[in-house]
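The next block holds one structure in the form of structure tokens; read it before the comments.
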Amino acid sequence: MEKKNIDWANIGFGYQDTDKRFVSNYKNGAWDEGTLTSDNTVTISECACVLQYAQTCFEGLKAYTTEDGHIVCFRPDLNASRMKDSCLRLEMPVFPEDRFVQAVKDVVLANEAYVPPYGSGATLYIRPYMFGSNAVIGVKPADEYQFRIFTTPVGPYFKGGAKPLTIKISDFDRAAPHGTGDIKAGLNYAMSLHAIVTAHNEGYAENMYLDAATRTKVEETGGANFLFITKDGKVVTPKSNSILPSITRRSLMVVAKDYLGLEVEEREVYVEELKDFAECGLCGTAAVISPVGKIVDHGKEIVLPSGMDEMGPTIKKLYDTLTGIQMGRIEAPDGWIEVIK
Ligand SMILES: *Cc1c(COP(=O)(O)O)cnc(C)c1O
């Protein structure tokens, strides 16, 4: 297999067309068998439910080349089950979980030439998504849906090392109690765009969202969960029903406990205690962990003791261990690595 002539280290984080994508349509109460296609466009009714009422959800994961030359992806079964949860909440039909994993593998293999080589830092980003495709004008769920998976090569998230971020406590809310914060719905992102543009204009990398009911507890950012390290070395992550259950964060908690022997806690985290933590990181598929150096609470600066120059030591250990597991340098827990080839 000849790889595409791509400058892997410098491709950045944008969409780039690849050869094939998976498409399956739902009609008359059933999914068709699905197919791989070269057509990178979607043609739907001007009145499609997704265009009028945002009936859509998505997933995100990565395929990459391990040290011994296999192409793998990381825990795709959890993406399948999370997408099921998103679909049920949005009154969309579930794409069967085993078929989801198989389709991920098929589409990666069909785009093997775009899977970056080991050591390049780049990966093949995989985007499964579903939307209501038929015309709906009265508010109700669609009857027809399309499930697609495309891939796009993405560069190393941190070019030249991970620099700690400065983030702000946002005055906007991301998710309501009993709302849709715990599913990967496009609508959660639509309403976050103004908040993130505002934060960027003010010079911040991300927003820290608080719980909408009391504004006293930490939830997450627009697209990543928080991990905190206490001064006595415990790994703490916020617990809330309106946080999106990050697969990276759940994996890091296992790594902390079983690989590094650290104490882990999933509990409510108050804004009040931010000043007492030693380290802070953002977890998600894209970057694994981005270190946070400073949190600004309405002008009041909370500088983490790990500082603005590099990742804190515990976050670094977590990062190195999980990426080691992903890249095949460290033995993975059963079922974490899905070998595609
Ligand atoms: C996707 C996402 C994450 C990260 O989840 P991973 O499974 O680790 O990629 C965190 N928060 C939100 C709001 C997300 O949409």
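Simple scheme: letters A, B, ... for chains in structure tokens order, numbers from 1 for residues in each chain, numbers from 1 for ligands in the order shown.
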Inset, instruction - Give as a list in words the residues surrounding ligand 1 up to a distance of 7 Å, considering only C-alpha atoms and all ligand atoms. - result: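 Sorted by chain and then by number, the residues are Glu59, Gly60, Leu61, Lys184, Glu220, Thr221, Gly222, Gly223, Ala224, Asn225, Ile243, Leu244, Pro245, Ser246, Ile247, Thr248, Arg249, Cys283, Gly284, Thr285 and Ala286 of chain A.
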Export of prior selection with all heavy atoms as a short mmCIF file (atom, residue, chain, number, x, y, z; two decimals), in the first residue's frame:
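Full text of result23.cif as output:
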```cif
data_model
loop_
_atom_site.label_atom_id
_atom_site.label_comp_id
_atom_site.auth_asym_id
_atom_site.auth_seq_id
_atom_site.Cartn_x
_atom_site.Cartn_y
_atom_site.Cartn_z
N GLU A 59 -19.91 11.46 16.27
CA GLU A 59 -18.87 10.87 17.10
C GLU A 59 -17.53 11.30 16.53
O GLU A 59 -17.45 11.87 15.43
CB GLU A 59 -18.98 9.33 17.09
CG GLU A 59 -19.96 8.80 18.13
CD GLU A 59 -19.56 9.22 19.54
OE1 GLU A 59 -18.36 9.28 19.85
OE2 GLU A 59 -20.47 9.52 20.33
N GLY A 60 -16.46 11.02 17.25
CA GLY A 60 -15.12 11.33 16.76
C GLY A 60 -14.13 10.36 17.35
O GLY A 60 -14.16 10.11 18.56
N LEU A 61 -13.33 9.74 16.52
CA LEU A 61 -12.25 8.87 16.99
C LEU A 61 -11.12 8.90 15.96
O LEU A 61 -11.26 9.57 14.94
CB LEU A 61 -12.76 7.46 17.26
CG LEU A 61 -13.23 6.56 16.13
CD1 LEU A 61 -13.27 5.11 16.62
CD2 LEU A 61 -14.62 6.92 15.64
N LYS A 184 -23.69 13.64 22.32
CA LYS A 184 -22.86 14.35 21.34
C LYS A 184 -23.76 14.84 20.21
O LYS A 184 -23.79 14.28 19.12
CB LYS A 184 -21.76 13.41 20.83
CG LYS A 184 -20.42 14.12 20.71
CD LYS A 184 -19.28 13.15 20.55
CE LYS A 184 -18.03 13.88 20.13
NZ LYS A 184 -17.42 14.70 21.20
N GLU A 220 -17.39 21.30 32.09
CA GLU A 220 -16.34 20.96 31.11
C GLU A 220 -16.12 22.15 30.18
O GLU A 220 -16.63 23.23 30.42
CB GLU A 220 -16.72 19.70 30.34
CG GLU A 220 -18.01 19.78 29.56
CD GLU A 220 -18.23 18.57 28.66
OE1 GLU A 220 -17.25 18.07 28.08
OE2 GLU A 220 -19.38 18.14 28.54
N THR A 221 -15.34 21.96 29.13
CA THR A 221 -15.19 23.01 28.12
C THR A 221 -16.18 22.68 27.00
O THR A 221 -17.00 21.76 27.14
CB THR A 221 -13.76 23.05 27.54
OG1 THR A 221 -13.56 21.90 26.73
CG2 THR A 221 -12.71 23.12 28.62
N GLY A 222 -16.09 23.36 25.87
CA GLY A 222 -17.00 23.08 24.77
C GLY A 222 -16.80 21.70 24.16
O GLY A 222 -17.72 21.13 23.58
N GLY A 223 -15.61 21.14 24.30
CA GLY A 223 -15.35 19.86 23.65
C GLY A 223 -14.37 18.97 24.36
O GLY A 223 -13.81 18.05 23.77
N ALA A 224 -14.15 19.20 25.65
CA ALA A 224 -13.22 18.37 26.40
C ALA A 224 -13.59 18.35 27.88
O ALA A 224 -14.07 19.36 28.41
CB ALA A 224 -11.79 18.88 26.23
N ASN A 225 -13.37 17.23 28.54
CA ASN A 225 -13.62 17.08 29.98
C ASN A 225 -12.39 17.54 30.77
O ASN A 225 -11.27 17.51 30.26
CB ASN A 225 -13.87 15.61 30.34
CG ASN A 225 -15.23 15.07 29.90
OD1 ASN A 225 -15.53 13.91 30.17
ND2 ASN A 225 -16.05 15.87 29.23
N ILE A 243 -22.44 16.50 31.72
CA ILE A 243 -21.12 16.44 31.07
C ILE A 243 -21.16 15.32 30.03
O ILE A 243 -21.74 14.27 30.25
CB ILE A 243 -20.03 16.14 32.13
CG1 ILE A 243 -19.80 17.36 33.03
CG2 ILE A 243 -18.72 15.72 31.46
CD1 ILE A 243 -18.82 17.10 34.16
N LEU A 244 -20.50 15.56 28.90
CA LEU A 244 -20.39 14.53 27.86
C LEU A 244 -19.35 13.50 28.34
O LEU A 244 -18.22 13.88 28.67
CB LEU A 244 -19.91 15.20 26.55
CG LEU A 244 -19.95 14.43 25.22
CD1 LEU A 244 -18.80 13.44 25.08
CD2 LEU A 244 -21.27 13.73 24.97
N PRO A 245 -19.74 12.23 28.41
CA PRO A 245 -18.79 11.23 28.93
C PRO A 245 -17.64 10.95 27.96
O PRO A 245 -17.74 10.09 27.07
CB PRO A 245 -19.65 9.99 29.17
CG PRO A 245 -20.87 10.18 28.34
CD PRO A 245 -21.06 11.66 28.13
N SER A 246 -16.55 11.67 28.14
CA SER A 246 -15.38 11.55 27.27
C SER A 246 -14.74 10.17 27.41
O SER A 246 -14.48 9.69 28.53
CB SER A 246 -14.36 12.63 27.65
OG SER A 246 -13.05 12.27 27.26
N ILE A 247 -14.47 9.54 26.28
CA ILE A 247 -13.82 8.24 26.28
C ILE A 247 -12.36 8.39 26.72
O ILE A 247 -11.81 7.56 27.43
CB ILE A 247 -13.93 7.60 24.88
CG1 ILE A 247 -15.40 7.30 24.59
CG2 ILE A 247 -13.07 6.33 24.77
CD1 ILE A 247 -15.73 7.03 23.13
N THR A 248 -11.74 9.49 26.32
CA THR A 248 -10.36 9.77 26.74
C THR A 248 -10.29 9.92 28.26
O THR A 248 -9.42 9.33 28.91
CB THR A 248 -9.86 11.07 26.08
OG1 THR A 248 -10.20 11.04 24.69
CG2 THR A 248 -8.37 11.25 26.26
N ARG A 249 -11.22 10.68 28.80
CA ARG A 249 -11.23 10.90 30.26
C ARG A 249 -11.47 9.59 31.00
O ARG A 249 -10.77 9.26 31.97
CB ARG A 249 -12.29 11.95 30.63
CG ARG A 249 -12.31 12.34 32.10
CD ARG A 249 -13.43 11.68 32.87
NE ARG A 249 -14.73 12.01 32.32
CZ ARG A 249 -15.84 11.36 32.60
NH1 ARG A 249 -15.81 10.32 33.42
NH2 ARG A 249 -16.99 11.71 32.05
N CYS A 283 -9.34 16.83 28.48
CA CYS A 283 -9.23 15.52 27.82
C CYS A 283 -10.21 15.36 26.69
O CYS A 283 -11.40 15.60 26.85
CB CYS A 283 -9.52 14.37 28.77
SG CYS A 283 -9.10 14.66 30.44
N GLY A 284 -9.70 14.90 25.56
CA GLY A 284 -10.53 14.58 24.43
C GLY A 284 -9.71 13.86 23.38
O GLY A 284 -8.47 13.85 23.46
N THR A 285 -10.40 13.27 22.42
CA THR A 285 -9.73 12.50 21.38
C THR A 285 -8.65 13.30 20.64
O THR A 285 -7.57 12.80 20.36
CB THR A 285 -10.77 11.99 20.37
OG1 THR A 285 -11.59 11.05 21.06
CG2 THR A 285 -10.14 11.32 19.16
N ALA A 286 -8.95 14.56 20.33
CA ALA A 286 -8.07 15.35 19.48
C ALA A 286 -6.67 15.47 20.06
O ALA A 286 -5.69 15.18 19.39
CB ALA A 286 -8.66 16.73 19.23
#
```
Go through stretch 184-207 of chain A residue by residue and, counting only C-alpha atoms, keep those with an atom at most 7 Å from stretch 161-171 of chain A; for each kept residue give the shortest atom pair and its distance in Å to one decimal, ordered by chain and increasing number, as CSV.
```
residue,atom,partner,partner_atom,distance
A:Tyr204,CA,A:Ile167,CA,5.1
A:Ala205,CA,A:Ile167,CA,5.5
A:Glu206,CA,A:Ile167,CA,4.9
A:Asn207,CA,A:Lys168,CA,5.2
```
Skipping near chain neighbours, those fewer than 5 positions away, what residues fall within 12 Å of A:Leu252 using only C-alpha atoms, listed as a PyMOL selection string? chain A and resi 225-228+235-237+246-247+257-260+262+264-265+281-285+288-289+314-323+325-326+333
Pull the closest atom pair for each residue of stretch 9-92 of chain A that gets at most 8 Å from stretch 173-183 of chain A, along with the distance in Å to one decimal, counting only C-alpha atoms, ordering rows by chain and then ascending residue number, as JSON lines.
```
{"residue": "A:Arg82", "atom": "CA", "partner": "A:Ile183", "partner_atom": "CA", "distance": 7.4}
{"residue": "A:Met83", "atom": "CA", "partner": "A:Ile183", "partner_atom": "CA", "distance": 7.9}
{"residue": "A:Asp85", "atom": "CA", "partner": "A:Ile183", "partner_atom": "CA", "distance": 6.8}
{"residue": "A:Ser86", "atom": "CA", "partner": "A:Ile183", "partner_atom": "CA", "distance": 4.9}
{"residue": "A:Arg89", "atom": "CA", "partner": "A:Ile183", "partner_atom": "CA", "distance": 7.8}
```
Report as CSV the residues of stretch 116-177 of chain A within 6 Å of stretch 40-52 of chain A, each with its shortest atom pair and distance in Å (one decimal), using only C-alpha atoms, ordered by chain and increasing residue number.
```
residue,atom,partner,partner_atom,distance
A:Phe131,CA,A:Val50,CA,5.7
A:Gly132,CA,A:Cys49,CA,5.1
A:Ser133,CA,A:Ala48,CA,4.9
A:Asn134,CA,A:Ala48,CA,4.8
A:Ala135,CA,A:Ala48,CA,4.3
A:Val136,CA,A:Cys49,CA,5.3
A:Ala142,CA,A:Cys49,CA,5.8
```
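Closest approach to A:Ala9 among A:Ser120, A:Ser38, A:Ser192, A:Thr151: A:Ser120, based on only C-alpha atoms.
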Give the strand (DSSP E or B) residues of stretch 188-251 of chain A, as assigned by DSSP on the backbone, as an MDAnalysis selection string.
chainID A and resid 206:208 210 217:218 220 225:230 235:238
Residue subset to file, keeping C-alpha atoms, as a PDB file, in the first residue's frame:
```pdb
ATOM      1  CA  GLU A 206     -11.215  27.756  25.921  1.00  0.00           C
ATOM      2  CA  ASN A 207     -14.225  28.297  28.157  1.00  0.00           C
ATOM      3  CA  MET A 208     -14.691  26.582  31.478  1.00  0.00           C
ATOM      4  CA  LEU A 210     -20.087  25.852  35.163  1.00  0.00           C
ATOM      5  CA  LYS A 217     -19.438  23.717  40.067  1.00  0.00           C
ATOM      6  CA  VAL A 218     -17.074  22.946  37.197  1.00  0.00           C
ATOM      7  CA  GLU A 220     -16.345  20.963  31.115  1.00  0.00           C
ATOM      8  CA  ASN A 225     -13.615  17.080  29.976  1.00  0.00           C
ATOM      9  CA  PHE A 226     -11.501  18.313  32.896  1.00  0.00           C
ATOM     10  CA  LEU A 227      -8.982  16.387  34.936  1.00  0.00           C
ATOM     11  CA  PHE A 228      -7.462  17.952  38.039  1.00  0.00           C
ATOM     12  CA  ILE A 229      -4.523  16.747  40.087  1.00  0.00           C
ATOM     13  CA  THR A 230      -4.605  17.562  43.785  1.00  0.00           C
ATOM     14  CA  VAL A 235      -6.745  12.528  40.070  1.00  0.00           C
ATOM     15  CA  VAL A 236     -10.121  14.277  40.231  1.00  0.00           C
ATOM     16  CA  THR A 237     -12.712  14.672  37.495  1.00  0.00           C
ATOM     17  CA  PRO A 238     -16.056  16.488  37.779  1.00  0.00           C
TER      18      PRO A 238
END
```
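When only C-alpha atoms are used to measure the gap to A:Ile337, the shortest distance among A:Gln146, A:Thr65, A:Thr35, A:Ser242 belongs to A:Thr65.
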Between A:Val254, A:Val94, A:Met327, A:Leu109, smallest distance to A:Gly121 by only C-alpha atoms belongs to A:Met327
DSSP says alpha helix (DSSP H) for which residues of stretch 117-278 of chain A? Put them as number ranges by chain? A: 186-190, 193-201, 247-254
Open item on the list: Just want the 9 Å neighbourhood of A:Ala278, counted on only C-alpha atoms, with same-chain residues fewer than 6 positions away dropped. Output as a list in words.
Closed with: Phe228, Ile229, Thr230, Lys231, Asp232, Gly233, Leu304, Pro305, Ser306 and Gly312 of chain A
query: What is the atom CA of A:Lys27 to atom CA of A:Phe95 distance in Å?
result: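 Going from atom CA of A:Lys27 over to atom CA of A:Phe95 covers 12.5 Å.
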- Query: Pick from A:Ile196, A:Cys280, A:Ala103, A:Val72: nearest to A:Lys341, with only C-alpha atoms counted?
  - Reply: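 When distances to A:Lys341 are compared using only C-alpha atoms, the smallest one comes from A:Val72.
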Discussion item. Restricting the calculation to only C-alpha atoms: of A:Phe172, A:Gly119, A:Val303, A:Ile11, which residue gets closest to A:Thr198?
Written reply: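 Checking each of A:Phe172, A:Gly119, A:Val303, A:Ile11 against A:Thr198, counting only C-alpha atoms, the winner is A:Phe172.
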Using only C-alpha atoms, find the one residue out of A:Leu124, A:Ala30, A:Leu274, A:Val115 that sits nearest to A:Thr152.
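Using only C-alpha atoms, the shortest distance to A:Thr152 belongs to A:Leu124.
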**Study point:** Who sits within 9 Å of A:Glu338, only C-alpha atoms, same chain under 6 positions skipped, as a VMD selection string
**Key:** chain A and resid 71 to 77 105
For N, CA, C and O atoms, I'd like the residues from the last selection saved as a PDB file, in the first residue's frame.
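In the end it all went to selection.pdb:
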```pdb
ATOM      1  N   ILE A  71      -2.497  -0.988  11.777  1.00  0.00           N
ATOM      2  CA  ILE A  71      -3.435   0.139  11.797  1.00  0.00           C
ATOM      3  C   ILE A  71      -4.523  -0.215  12.798  1.00  0.00           C
ATOM      4  O   ILE A  71      -5.132  -1.289  12.715  1.00  0.00           O
ATOM      5  N   VAL A  72      -4.735   0.668  13.763  1.00  0.00           N
ATOM      6  CA  VAL A  72      -5.681   0.378  14.842  1.00  0.00           C
ATOM      7  C   VAL A  72      -6.554   1.607  15.119  1.00  0.00           C
ATOM      8  O   VAL A  72      -6.245   2.718  14.676  1.00  0.00           O
ATOM      9  N   CYS A  73      -7.639   1.381  15.855  1.00  0.00           N
ATOM     10  CA  CYS A  73      -8.317   2.515  16.474  1.00  0.00           C
ATOM     11  C   CYS A  73      -8.603   2.182  17.930  1.00  0.00           C
ATOM     12  O   CYS A  73      -8.436   1.033  18.366  1.00  0.00           O
ATOM     13  N   PHE A  74      -8.981   3.199  18.685  1.00  0.00           N
ATOM     14  CA  PHE A  74      -9.038   3.111  20.136  1.00  0.00           C
ATOM     15  C   PHE A  74     -10.484   3.046  20.613  1.00  0.00           C
ATOM     16  O   PHE A  74     -11.246   3.991  20.394  1.00  0.00           O
ATOM     17  N   ARG A  75     -10.871   1.933  21.206  1.00  0.00           N
ATOM     18  CA  ARG A  75     -12.171   1.737  21.859  1.00  0.00           C
ATOM     19  C   ARG A  75     -13.376   2.202  21.028  1.00  0.00           C
ATOM     20  O   ARG A  75     -14.235   2.947  21.530  1.00  0.00           O
ATOM     21  N   PRO A  76     -13.475   1.782  19.770  1.00  0.00           N
ATOM     22  CA  PRO A  76     -14.593   2.238  18.932  1.00  0.00           C
ATOM     23  C   PRO A  76     -15.950   1.739  19.442  1.00  0.00           C
ATOM     24  O   PRO A  76     -16.980   2.344  19.137  1.00  0.00           O
ATOM     25  N   ASP A  77     -15.927   0.658  20.246  1.00  0.00           N
ATOM     26  CA  ASP A  77     -17.186   0.164  20.824  1.00  0.00           C
ATOM     27  C   ASP A  77     -17.813   1.211  21.740  1.00  0.00           C
ATOM     28  O   ASP A  77     -19.043   1.294  21.847  1.00  0.00           O
ATOM     29  N   LYS A 105     -14.100   0.252  10.694  1.00  0.00           N
ATOM     30  CA  LYS A 105     -12.951  -0.506  10.196  1.00  0.00           C
ATOM     31  C   LYS A 105     -12.912  -0.495   8.657  1.00  0.00           C
ATOM     32  O   LYS A 105     -11.853  -0.301   8.048  1.00  0.00           O
TER      33      LYS A 105
END
```
